[in-house]
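Peer 1: Have a peek at start05.pdb (PDB, C-alpha atoms and all ligand atoms).
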ATOM      1  CA  MET A 146     -99.091 127.626  63.783
ATOM      2  CA  LYS A 147     -99.478 130.653  66.026
ATOM      3  CA  ARG A 148    -102.922 130.487  67.480
ATOM      4  CA  VAL A 149    -101.915 131.787  70.870
ATOM      5  CA  ASN A 150    -102.294 135.511  70.580
ATOM      6  CA  ARG A 151    -103.704 136.287  73.952
ATOM      7  CA  LEU A 152    -102.845 135.170  77.410
ATOM      8  CA  LEU A 153    -104.374 135.086  80.766
ATOM      9  CA  LEU A 154    -102.336 135.113  83.868
ATOM     10  CA  GLY A 155    -102.697 134.002  87.423
ATOM     11  CA  VAL A 156    -105.558 134.576  89.796
ATOM     12  CA  GLY A 157    -108.807 135.499  88.120
ATOM     13  CA  ALA A 158    -107.822 134.045  84.782
ATOM     14  CA  ALA A 159    -110.285 131.181  84.978
ATOM     15  CA  LEU A 160    -113.257 133.536  84.886
ATOM     16  CA  VAL A 161    -111.990 135.337  81.804
ATOM     17  CA  ALA A 162    -111.090 132.050  80.190
ATOM     18  CA  VAL A 163    -114.742 131.004  80.349
ATOM     19  CA  LEU A 164    -115.707 134.142  78.449
ATOM     20  CA  TRP A 165    -113.339 133.267  75.636
ATOM     21  CA  THR A 166    -114.225 129.672  75.069
ATOM     22  CA  SER A 167    -116.775 130.622  72.428
ATOM     23  CA  GLN A 168    -113.891 131.817  70.244
ATOM     24  CA  ALA A 169    -112.000 128.612  70.536
ATOM     25  CA  GLY A 170    -113.843 126.745  67.814
ATOM     26  CA  GLY A 171    -114.191 123.703  70.003
ATOM     27  CA  GLN A 172    -115.824 120.660  68.498
ATOM     28  CA  GLY A 173    -116.897 118.849  71.600
ATOM     29  CA  ASP A 174    -116.237 118.177  75.218
ATOM     30  CA  GLY A 175    -112.689 118.995  76.192
ATOM     31  CA  GLN A 176    -111.995 120.760  72.897
ATOM     32  CA  SER A 177    -112.495 124.210  74.381
ATOM     33  CA  THR A 178    -110.476 123.670  77.543
ATOM     34  CA  PRO A 179    -107.622 126.179  77.777
ATOM     35  CA  LEU A 180    -104.034 125.070  78.214
ATOM     36  CA  GLN A 181    -103.105 125.233  81.866
ATOM     37  CA  LEU A 182     -99.492 125.397  82.983
ATOM     38  CA  LYS A 183     -98.807 125.148  86.702
ATOM     39  CA  TYR A 184     -95.254 126.059  87.731
ATOM     40  CA  LEU A 185     -93.831 123.536  90.178
ATOM     41  CA  GLY A 186     -90.559 125.419  90.615
ATOM     42  CA  THR A 187     -87.089 124.547  89.262
ATOM     43  CA  ALA A 188     -87.695 123.211  85.712
ATOM     44  CA  GLY A 189     -90.959 121.597  86.813
ATOM     45  CA  TRP A 190     -94.401 121.981  85.231
ATOM     46  CA  GLU A 191     -97.819 120.395  85.238
ATOM     47  CA  ILE A 192     -99.432 121.057  81.853
ATOM     48  CA  SER A 193    -102.966 120.060  80.957
ATOM     49  CA  ASP A 194    -105.207 120.670  77.950
ATOM     50  CA  GLY A 195    -108.248 118.951  79.408
ATOM     51  CA  ASN A 196    -107.323 115.639  77.791
ATOM     52  CA  VAL A 197    -103.895 114.797  79.177
ATOM     53  CA  VAL A 198    -101.872 115.834  82.211
ATOM     54  CA  VAL A 199     -98.164 116.050  81.405
ATOM     55  CA  LEU A 200     -95.504 116.670  84.036
ATOM     56  CA  ILE A 201     -92.150 118.157  83.090
ATOM     57  CA  ASP A 202     -89.209 117.507  85.496
ATOM     58  CA  PRO A 203     -91.582 117.508  88.497
ATOM     59  CA  TYR A 204     -89.298 118.279  91.446
ATOM     60  CA  ILE A 205     -91.394 119.080  94.493
ATOM     61  CA  SER A 206     -89.205 118.130  97.472
ATOM     62  CA  ARG A 207     -86.811 121.071  97.069
ATOM     63  CA  LEU A 208     -84.342 119.489  99.483
ATOM     64  CA  LYS A 209     -81.803 121.650 101.240
ATOM     65  CA  TYR A 210     -78.601 120.213  99.763
ATOM     66  CA  GLY A 211     -75.224 121.325  98.537
ATOM     67  CA  GLY A 212     -75.342 124.881  99.886
ATOM     68  CA  GLY A 213     -77.457 127.828  98.820
ATOM     69  CA  GLY A 214     -80.072 127.308 101.521
ATOM     70  CA  HIS A 215     -81.691 129.848 103.808
ATOM     71  CA  PRO A 216     -81.018 130.260 107.568
ATOM     72  CA  ASP A 217     -84.762 130.299 108.279
ATOM     73  CA  ASP A 218     -85.219 126.919 106.586
ATOM     74  CA  ASP A 219     -85.153 124.481 109.529
ATOM     75  CA  ARG A 220     -85.500 121.320 107.421
ATOM     76  CA  PRO A 221     -82.644 118.780 107.478
ATOM     77  CA  GLN A 222     -79.518 119.555 105.468
ATOM     78  CA  PHE A 223     -78.505 116.939 102.901
ATOM     79  CA  ALA A 224     -75.014 116.323 101.554
ATOM     80  CA  ARG A 225     -74.610 115.238  97.946
ATOM     81  CA  ASP A 226     -73.599 111.765  99.070
ATOM     82  CA  ASP A 227     -76.615 111.375 101.342
ATOM     83  CA  VAL A 228     -79.429 109.072 100.327
ATOM     84  CA  ALA A 229     -82.089 111.047  98.496
ATOM     85  CA  GLN A 230     -85.527 111.356 100.064
ATOM     86  CA  SER A 231     -88.690 112.613  98.426
ATOM     87  CA  ASP A 232     -91.132 114.639 100.499
ATOM     88  CA  THR A 233     -94.031 112.332  99.728
ATOM     89  CA  THR A 234     -96.532 114.232 101.883
ATOM     90  CA  LEU A 235     -95.816 117.419  99.972
ATOM     91  CA  ILE A 236     -95.905 115.624  96.622
ATOM     92  CA  ASP A 237     -99.271 114.052  97.478
ATOM     93  CA  SER A 238    -100.670 117.498  98.268
ATOM     94  CA  ILE A 239     -99.667 118.821  94.837
ATOM     95  CA  ILE A 240     -99.643 115.940  92.347
ATOM     96  CA  THR A 241    -102.839 113.957  91.963
ATOM     97  CA  ARG A 242    -102.707 112.726  88.377
ATOM     98  CA  ALA A 243    -100.207 112.370  85.563
ATOM     99  CA  ASP A 244    -100.469 110.652  82.197
ATOM    100  CA  PHE A 245     -96.940 111.458  81.032
ATOM    101  CA  ILE A 246     -93.736 112.608  82.676
ATOM    102  CA  LEU A 247     -91.065 114.156  80.444
ATOM    103  CA  VAL A 248     -87.585 114.238  81.983
ATOM    104  CA  HIS A 249     -84.908 116.532  80.522
ATOM    105  CA  HIS A 250     -81.982 114.883  82.312
ATOM    106  CA  GLY A 251     -81.102 112.794  85.331
ATOM    107  CA  HIS A 252     -79.884 115.318  87.887
ATOM    108  CA  PHE A 253     -81.683 115.220  91.223
ATOM    109  CA  ASP A 254     -83.439 118.571  90.764
ATOM    110  CA  HIS A 255     -85.132 117.101  87.668
ATOM    111  CA  LEU A 256     -85.497 113.372  88.294
ATOM    112  CA  GLY A 257     -85.360 113.117  92.107
ATOM    113  CA  ASP A 258     -89.122 112.920  92.700
ATOM    114  CA  VAL A 259     -90.002 111.045  89.518
ATOM    115  CA  PRO A 260     -89.594 107.538  91.005
ATOM    116  CA  TYR A 261     -92.276 108.274  93.603
ATOM    117  CA  ILE A 262     -94.544 110.182  91.191
ATOM    118  CA  ALA A 263     -94.267 107.518  88.478
ATOM    119  CA  GLU A 264     -95.176 104.797  90.944
ATOM    120  CA  LYS A 265     -98.022 106.820  92.448
ATOM    121  CA  THR A 266     -99.604 107.880  89.132
ATOM    122  CA  GLY A 267     -98.652 105.074  86.743
ATOM    123  CA  ALA A 268     -97.592 107.750  84.229
ATOM    124  CA  LYS A 269     -95.583 106.919  81.137
ATOM    125  CA  VAL A 270     -92.093 108.383  81.536
ATOM    126  CA  ILE A 271     -89.992 109.588  78.598
ATOM    127  CA  GLY A 272     -86.285 110.277  79.096
ATOM    128  CA  THR A 273     -82.768 109.044  78.466
ATOM    129  CA  GLU A 274     -81.550 105.504  79.067
ATOM    130  CA  THR A 275     -79.778 106.815  82.183
ATOM    131  CA  THR A 276     -83.101 108.151  83.483
ATOM    132  CA  MET A 277     -84.834 104.855  82.671
ATOM    133  CA  THR A 278     -82.103 102.892  84.443
ATOM    134  CA  ILE A 279     -82.597 104.933  87.602
ATOM    135  CA  LEU A 280     -86.368 104.449  87.454
ATOM    136  CA  ARG A 281     -85.947 100.719  86.872
ATOM    137  CA  ALA A 282     -83.765 100.573  89.994
ATOM    138  CA  TYR A 283     -86.707 102.053  91.914
ATOM    139  CA  GLY A 284     -88.967  99.308  90.584
ATOM    140  CA  ILE A 285     -90.897 101.261  87.969
ATOM    141  CA  PRO A 286     -92.142  98.639  85.484
ATOM    142  CA  ASP A 287     -90.798  98.578  81.931
ATOM    143  CA  ASP A 288     -94.188  99.240  80.362
ATOM    144  CA  GLN A 289     -94.130 102.754  81.857
ATOM    145  CA  LEU A 290     -90.649 103.515  80.565
ATOM    146  CA  TYR A 291     -89.755 105.023  77.170
ATOM    147  CA  ALA A 292     -86.010 105.409  76.672
ATOM    148  CA  VAL A 293     -85.153 107.944  73.986
ATOM    149  CA  SER A 294     -82.018 109.483  72.503
ATOM    150  CA  GLY A 295     -83.367 112.602  70.808
ATOM    151  CA  GLY A 296     -84.962 112.694  67.359
ATOM    152  CA  GLU A 297     -87.951 110.488  68.206
ATOM    153  CA  ASP A 298     -91.438 111.809  67.444
ATOM    154  CA  TYR A 299     -94.028 109.717  69.276
ATOM    155  CA  GLN A 300     -97.804 109.719  68.877
ATOM    156  CA  PHE A 301     -99.880 108.647  71.865
ATOM    157  CA  ASP A 302    -103.637 108.958  72.424
ATOM    158  CA  ASP A 303    -104.469 112.696  72.613
ATOM    159  CA  PHE A 304    -100.789 113.687  72.842
ATOM    160  CA  SER A 305     -97.633 113.661  70.795
ATOM    161  CA  VAL A 306     -94.091 114.605  71.685
ATOM    162  CA  ARG A 307     -90.972 115.220  69.656
ATOM    163  CA  VAL A 308     -87.752 114.552  71.553
ATOM    164  CA  VAL A 309     -85.094 117.165  70.845
ATOM    165  CA  PRO A 310     -81.356 116.531  71.374
ATOM    166  CA  ALA A 311     -79.965 119.109  73.790
ATOM    167  CA  ILE A 312     -76.988 119.946  75.974
ATOM    168  CA  HIS A 313     -76.667 120.775  79.655
ATOM    169  CA  SER A 314     -76.137 124.206  81.180
ATOM    170  CA  ALA A 315     -72.515 125.331  81.020
ATOM    171  CA  LEU A 316     -72.004 125.104  84.777
ATOM    172  CA  GLY A 317     -68.741 125.862  86.563
ATOM    173  CA  GLU A 318     -67.856 128.748  84.254
ATOM    174  CA  LYS A 319     -68.183 126.364  81.266
ATOM    175  CA  HIS A 320     -65.980 123.632  82.774
ATOM    176  CA  TYR A 321     -68.923 121.283  83.416
ATOM    177  CA  HIS A 322     -68.956 118.155  81.271
ATOM    178  CA  ASP A 323     -70.198 114.743  82.362
ATOM    179  CA  SER A 324     -70.055 111.865  79.897
ATOM    180  CA  ARG A 325     -71.194 109.180  82.350
ATOM    181  CA  ARG A 326     -74.212 107.072  81.360
ATOM    182  CA  TYR A 327     -76.219 104.289  83.013
ATOM    183  CA  ASP A 328     -77.647 101.312  81.148
ATOM    184  CA  ARG A 329     -79.072  97.852  81.816
ATOM    185  CA  TYR A 330     -75.683  96.624  82.963
ATOM    186  CA  THR A 331     -75.259  99.356  85.577
ATOM    187  CA  ASP A 332     -75.585  98.133  89.132
ATOM    188  CA  LEU A 333     -77.812 100.557  91.053
ATOM    189  CA  ASP A 334     -79.384  99.950  94.435
ATOM    190  CA  ALA A 335     -82.312 102.214  95.266
ATOM    191  CA  PRO A 336     -82.693 104.451  97.087
ATOM    192  CA  LEU A 337     -79.826 106.278  95.399
ATOM    193  CA  ARG A 338     -77.605 108.947  96.855
ATOM    194  CA  ILE A 339     -78.231 112.439  95.524
ATOM    195  CA  ASN A 340     -74.979 112.375  93.554
ATOM    196  CA  GLN A 341     -75.949 109.115  91.864
ATOM    197  CA  PHE A 342     -78.572 111.111  89.970
ATOM    198  CA  ILE A 343     -76.198 111.857  87.093
ATOM    199  CA  GLU A 344     -77.062 113.946  84.055
ATOM    200  CA  GLY A 345     -76.893 111.089  81.560
ATOM    201  CA  GLY A 346     -77.274 113.389  78.550
ATOM    202  CA  SER A 347     -79.832 116.135  78.064
ATOM    203  CA  LEU A 348     -83.046 116.530  76.086
ATOM    204  CA  MET A 349     -85.701 119.076  75.231
ATOM    205  CA  PHE A 350     -89.291 118.288  74.210
ATOM    206  CA  LEU A 351     -91.783 119.703  71.744
ATOM    207  CA  ALA A 352     -95.023 118.717  73.476
ATOM    208  CA  ARG A 353     -98.113 118.978  71.270
ATOM    209  CA  PHE A 354    -101.340 119.580  73.159
ATOM    210  CA  ASP A 355    -104.882 119.978  71.864
ATOM    211  CA  ARG A 356    -104.400 123.498  70.507
ATOM    212  CA  HIS A 357    -100.884 124.455  71.547
ATOM    213  CA  THR A 358     -97.312 123.340  71.075
ATOM    214  CA  VAL A 359     -94.937 123.836  73.990
ATOM    215  CA  LEU A 360     -91.148 123.681  73.637
ATOM    216  CA  THR A 361     -89.615 122.753  76.989
ATOM    217  CA  MET A 362     -86.136 123.412  78.358
ATOM    218  CA  GLY A 363     -84.455 121.919  81.422
ATOM    219  CA  SER A 364     -81.142 123.693  81.009
ATOM    220  CA  MET A 365     -79.711 127.033  80.028
ATOM    221  CA  ASN A 366     -78.368 125.641  76.773
ATOM    222  CA  PHE A 367     -79.540 124.227  73.448
ATOM    223  CA  VAL A 368     -78.330 122.912  70.094
ATOM    224  CA  GLU A 369     -79.397 125.668  67.749
ATOM    225  CA  ARG A 370     -79.858 123.577  64.605
ATOM    226  CA  GLU A 371     -82.121 121.130  66.475
ATOM    227  CA  LEU A 372     -84.653 123.905  67.140
ATOM    228  CA  GLU A 373     -84.970 125.111  63.545
ATOM    229  CA  GLY A 374     -88.524 124.971  62.260
ATOM    230  CA  LEU A 375     -90.151 123.898  65.529
ATOM    231  CA  ASP A 376     -91.956 127.270  65.905
ATOM    232  CA  PRO A 377     -93.663 126.572  69.253
ATOM    233  CA  ASP A 378     -96.629 128.613  70.510
ATOM    234  CA  VAL A 379     -95.137 128.531  73.982
ATOM    235  CA  LEU A 380     -91.453 128.438  74.934
ATOM    236  CA  LEU A 381     -90.446 127.415  78.444
ATOM    237  CA  ALA A 382     -87.126 129.237  78.322
ATOM    238  CA  GLY A 383     -84.259 128.304  80.624
ATOM    239  CA  VAL A 384     -83.346 131.580  82.289
ATOM    240  CA  ASN A 385     -80.567 131.345  84.849
ATOM    241  CA  GLY A 386     -77.142 132.852  85.317
ATOM    242  CA  SER A 387     -75.121 130.287  83.391
ATOM    243  CA  ARG A 388     -76.737 131.412  80.128
ATOM    244  CA  LEU A 389     -74.688 134.589  80.376
ATOM    245  CA  GLY A 390     -71.575 132.595  79.471
ATOM    246  CA  LEU A 391     -73.068 131.605  76.118
ATOM    247  CA  TYR A 392     -72.841 133.521  72.876
ATOM    248  CA  LYS A 393     -75.969 135.700  72.415
ATOM    249  CA  TYR A 394     -78.128 133.128  74.227
ATOM    250  CA  ASP A 395     -81.356 135.111  74.360
ATOM    251  CA  GLN A 396     -81.161 136.309  70.778
ATOM    252  CA  ARG A 397     -80.214 132.954  69.275
ATOM    253  CA  LEU A 398     -82.865 131.122  71.292
ATOM    254  CA  LEU A 399     -85.718 133.447  70.375
ATOM    255  CA  ASN A 400     -84.759 133.773  66.737
ATOM    256  CA  VAL A 401     -84.316 130.054  66.082
ATOM    257  CA  THR A 402     -87.653 129.280  67.766
ATOM    258  CA  GLY A 403     -89.439 131.806  65.559
ATOM    259  CA  ASN A 404     -89.967 134.468  68.246
ATOM    260  CA  PRO A 405     -92.649 132.506  70.144
ATOM    261  CA  PRO A 406     -95.763 134.511  71.099
ATOM    262  CA  ILE A 407     -95.601 133.262  74.691
ATOM    263  CA  ILE A 408     -92.333 132.851  76.576
ATOM    264  CA  ILE A 409     -92.304 131.582  80.153
ATOM    265  CA  PRO A 410     -89.012 131.570  82.096
ATOM    266  CA  THR A 411     -88.140 128.276  83.779
ATOM    267  CA  HIS A 412     -85.359 126.974  86.063
ATOM    268  CA  TRP A 413     -84.736 130.540  87.275
ATOM    269  CA  ASP A 414     -85.503 130.054  90.996
ATOM    270  CA  ASN A 415     -83.458 128.844  93.982
ATOM    271  CA  PHE A 416     -84.637 125.230  94.232
ATOM    272  CA  ARG A 417     -83.044 124.697  97.654
ATOM    273  CA  LEU A 418     -85.657 126.947  99.241
ATOM    274  CA  PRO A 419     -89.067 125.526 100.168
ATOM    275  CA  TYR A 420     -92.219 126.856  98.551
ATOM    276  CA  GLY A 421     -93.278 130.065 100.263
ATOM    277  CA  PHE A 422     -89.768 131.497 100.653
ATOM    278  CA  SER A 423     -89.022 134.672  98.730
ATOM    279  CA  GLN A 424     -87.644 134.188  95.212
ATOM    280  CA  GLU A 425     -87.246 137.901  94.609
ATOM    281  CA  ALA A 426     -83.481 137.528  94.209
ATOM    282  CA  GLY A 427     -84.005 135.233  91.214
ATOM    283  CA  VAL A 428     -86.642 137.547  89.782
ATOM    284  CA  ALA A 429     -84.243 140.484  89.982
ATOM    285  CA  ARG A 430     -81.163 138.593  88.781
ATOM    286  CA  ASN A 431     -82.665 136.354  86.102
ATOM    287  CA  ILE A 432     -86.170 137.315  85.044
ATOM    288  CA  ALA A 433     -85.989 141.106  84.970
ATOM    289  CA  PRO A 434     -82.987 141.267  82.591
ATOM    290  CA  PHE A 435     -84.542 138.551  80.415
ATOM    291  CA  VAL A 436     -87.818 140.474  80.112
ATOM    292  CA  SER A 437     -85.849 143.534  79.002
ATOM    293  CA  ALA A 438     -83.873 141.501  76.494
ATOM    294  CA  VAL A 439     -87.005 139.960  74.977
ATOM    295  CA  ALA A 440     -88.607 143.399  74.631
ATOM    296  CA  THR A 441     -85.722 144.360  72.350
ATOM    297  CA  ILE A 442     -85.101 141.094  70.528
ATOM    298  CA  SER A 443     -88.676 139.942  70.033
ATOM    299  CA  PRO A 444     -91.066 142.804  70.857
ATOM    300  CA  ASP A 445     -94.191 140.887  69.823
ATOM    301  CA  SER A 446     -93.458 138.070  72.280
ATOM    302  CA  ARG A 447     -95.029 138.193  75.694
ATOM    303  CA  VAL A 448     -93.038 137.015  78.702
ATOM    304  CA  ILE A 449     -95.043 135.570  81.576
ATOM    305  CA  PRO A 450     -92.960 135.264  84.764
ATOM    306  CA  PRO A 451     -94.324 132.254  86.642
ATOM    307  CA  THR A 452     -94.998 131.963  90.366
ATOM    308  CA  HIS A 453     -94.663 128.732  92.331
ATOM    309  CA  LEU A 454     -97.786 126.578  92.226
ATOM    310  CA  GLU A 455     -99.824 129.143  90.305
ATOM    311  CA  THR A 456    -101.455 128.234  87.014
ATOM    312  CA  ILE A 457    -101.022 130.183  83.787
ATOM    313  CA  VAL A 458    -104.078 129.802  81.556
ATOM    314  CA  LEU A 459    -103.727 130.159  77.784
ATOM    315  CA  GLN A 460    -106.741 130.237  75.481
TER     316      GLN A 460
HETATM  317 ZN    ZN A 501     -78.644 119.461  85.635
END
With the file now loaded, output its structure as structure tokens.
Peer 2:
Amino acid sequence: MKRVNRLLLGVGAALVAVLWTSQAGGQGDGQSTPLQLKYLGTAGWEISDGNVVVLIDPYISRLKYGGGGHPDDDRPQFARDDVAQSDTTLIDSIITRADFILVHHGHFDHLGDVPYIAEKTGAKVIGTETTMTILRAYGIPDDQLYAVSGGEDYQFDDFSVRVVPAIHSALGEKHYHDSRRYDRYTDLDAPLRINQFIEGGSLMFLARFDRHTVLTMGSMNFVERELEGLDPDVLLAGVNGSRLGLYKYDQRLLNVTGNPPIIIPTHWDNFRLPYGFSQEAGVARNIAPFVSAVATISPDSRVIPPTHLETIVLQ
């Protein structure tokens, strides 16, 4: 179903969105609310359709760890074997509500702030058993935790989500592979060190909102056959350098997802830099070539490059 044929972007969009609600065919309160996608940086999103607020890999702290920082960033430097700390003041200023949190995999730049956010909001969290084991170590109660393997298709009130089996970015010039997993028998003492946030397998999600379906990515990789027939309205496309080591990544991704009308690059920024620091290098290196590629491969698709903490509004 391709009902998204127009988009509204950034500042000023809210006003125009109001003008278009009469075309939405809403049937009551909340029915005509546009889909709002706020980019949290990294692979992180806050998506709301007026009924539910869904967070995707909400990583706010953007710790300076493992190199790749900026000399003007005077925050403390973390090593990978340092105990992880969430910037709870910053999180509180950005995240006020969540009904669901979808976690693609367990690495720190995806899961690191979820223990605090899950506790603060009471959100239901969907992710791998490794992710659930980490959250359990932080004291998140079992009734908030939904361990999945990929293949599940769950209906909740006002929201449904299909869990899609996926694979991690081909880091280290394709030498990355981590088969470690956590389960109920794993001994974990929170707070964990940054390097105890292991991948634990990778997922994607087809999140179905009131009038839109959003296919989410947390890596620059995918299992092509698992995406056949999903035909999302909106694709959050992993767009970072490691995709260049994959066979025809852009073309295969867009074709198998049915050339989505709206494509929003994700996980393209330098997540070691705080909000407010320039991300122009990532725009030039990752987004600009991707926009050009989409124009050739899927000319009817529209790419919306996101900006940190700004909201994209889709009617
Ligand atoms: Zn990762």
Peer 1: Where does the PyMOL selection byres (((chain A and resi 230-238) around 6) and not hetatm) land in this file, that is, which residues does it pick, as an NGL selection string?
Peer 2: :A and (206 or 229 or 239-240 or 258)
Peer 1: Measuring between only C-alpha atoms, which one of A:Tyr291, A:Tyr204, A:Phe435, A:Phe416 shows the shortest distance to A:Pro260?
Peer 2: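 Closest to A:Pro260, using only C-alpha atoms: A:Tyr204.
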Peer 1: Translate the PyMOL selection byres (((not hetatm)) within 7 of (chain A and resi 501)), as applied to the file shown, into an explicit residue set as a PDB file with C-alpha atoms, keeping the file's coordinate frame.
Peer 2:
ATOM      1  CA  HIS A 250     -81.982 114.883  82.312  1.00  0.00           C
ATOM      2  CA  HIS A 252     -79.884 115.318  87.887  1.00  0.00           C
ATOM      3  CA  HIS A 313     -76.667 120.775  79.655  1.00  0.00           C
ATOM      4  CA  SER A 314     -76.137 124.206  81.180  1.00  0.00           C
ATOM      5  CA  GLU A 344     -77.062 113.946  84.055  1.00  0.00           C
ATOM      6  CA  SER A 364     -81.142 123.693  81.009  1.00  0.00           C
TER       7      SER A 364
END
Peer 1: Going by the chain IDs and residue numbers used in this file, which residues fall under the PyMOL selection byres (((chain A and resi 242) around 12) and not hetatm)? Write them as a list in words.
Peer 2: Glu191, Ile192, Ser193, Asn196, Val197, Val198, Val199, Leu200, Ile236, Asp237, Ser238, Ile239, Ile240, Thr241, Ala243, Asp244, Phe245, Ile246, Ile262, Ala263, Glu264, Lys265, Thr266, Gly267, Ala268 and Lys269 of chain A
Peer 1: Tell me, in Å to one decimal, how far atom CA of A:Gly211 is from atom CA of A:Leu348.
Peer 2: 24.3 Å
Peer 1: I'd like the neighbourhood of A:Arg447 as a ChimeraX atom specification, where a residue qualifies if any of its atoms comes within 7 Å (using all atoms listed in the file), though same-chain residues fewer than 2 positions away should be ignored.
Peer 2: /A:406-408,445,449
Peer 1: For the residues selected in the previous step, produce a file with C-alpha atoms as a PDB file, in the frame of the given file.
Peer 2:
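Printed below is out.pdb as written:
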ATOM      1  CA  PRO A 406     -95.763 134.511  71.099  1.00  0.00           C
ATOM      2  CA  ILE A 407     -95.601 133.262  74.691  1.00  0.00           C
ATOM      3  CA  ILE A 408     -92.333 132.851  76.576  1.00  0.00           C
ATOM      4  CA  ASP A 445     -94.191 140.887  69.823  1.00  0.00           C
ATOM      5  CA  ILE A 449     -95.043 135.570  81.576  1.00  0.00           C
TER       6      ILE A 449
END
Peer 1: Using only C-alpha atoms, collect all residues at a distance of at most 9 Å from (-101.4, 121.2, 71.9) as written in the file, then present them as a PDB file with C-alpha atoms, in the frame of the given file.
Peer 2:
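Everything below was put into result_3.pdb:
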ATOM      1  CA  LEU A 180    -104.034 125.070  78.214  1.00  0.00           C
ATOM      2  CA  ASP A 194    -105.207 120.670  77.950  1.00  0.00           C
ATOM      3  CA  PHE A 304    -100.789 113.687  72.842  1.00  0.00           C
ATOM      4  CA  SER A 305     -97.633 113.661  70.795  1.00  0.00           C
ATOM      5  CA  ALA A 352     -95.023 118.717  73.476  1.00  0.00           C
ATOM      6  CA  ARG A 353     -98.113 118.978  71.270  1.00  0.00           C
ATOM      7  CA  PHE A 354    -101.340 119.580  73.159  1.00  0.00           C
ATOM      8  CA  ASP A 355    -104.882 119.978  71.864  1.00  0.00           C
ATOM      9  CA  ARG A 356    -104.400 123.498  70.507  1.00  0.00           C
ATOM     10  CA  HIS A 357    -100.884 124.455  71.547  1.00  0.00           C
ATOM     11  CA  THR A 358     -97.312 123.340  71.075  1.00  0.00           C
ATOM     12  CA  VAL A 359     -94.937 123.836  73.990  1.00  0.00           C
ATOM     13  CA  ASP A 378     -96.629 128.613  70.510  1.00  0.00           C
TER      14      ASP A 378
END
Peer 1: I'd like to know which of A:Lys319, A:Ala335, A:Ile312, A:Ala429 is closest to A:Ile285, using only C-alpha atoms.
Peer 2: A:Ala335
Peer 1: Would you mind telling me which residue in A:Ile343, A:Ala224, A:Met277, A:Val458 lies nearest to A:Lys209 when using only C-alpha atoms?
Peer 2: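 Closest residue, counting only C-alpha atoms: A:Ala224.
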Peer 1: If we count only C-alpha atoms and set the cut-off at 12 Å, which residues sit around A:Tyr327, ignoring sequence neighbours fewer than 5 positions away in its own chain? Please answer as a list in words.
Peer 2: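 Residues meeting the cut-off are Gly251, Thr273, Glu274, Thr275, Thr276, Met277, Thr278, Ile279, Leu280, Arg281, Ala282, Ala292, Asp332, Leu333, Gln341, Phe342, Ile343, Glu344, Gly345 and Gly346 of chain A.
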Peer 1: For the point (-84.0, 128.9, 105.8) in file coordinates, what residues are within 12 Å, counting all atoms listed in the file? Give the answer as a VMD selection string?
Peer 2: chain A and resid 208 to 210 212 to 222 415 417 to 423
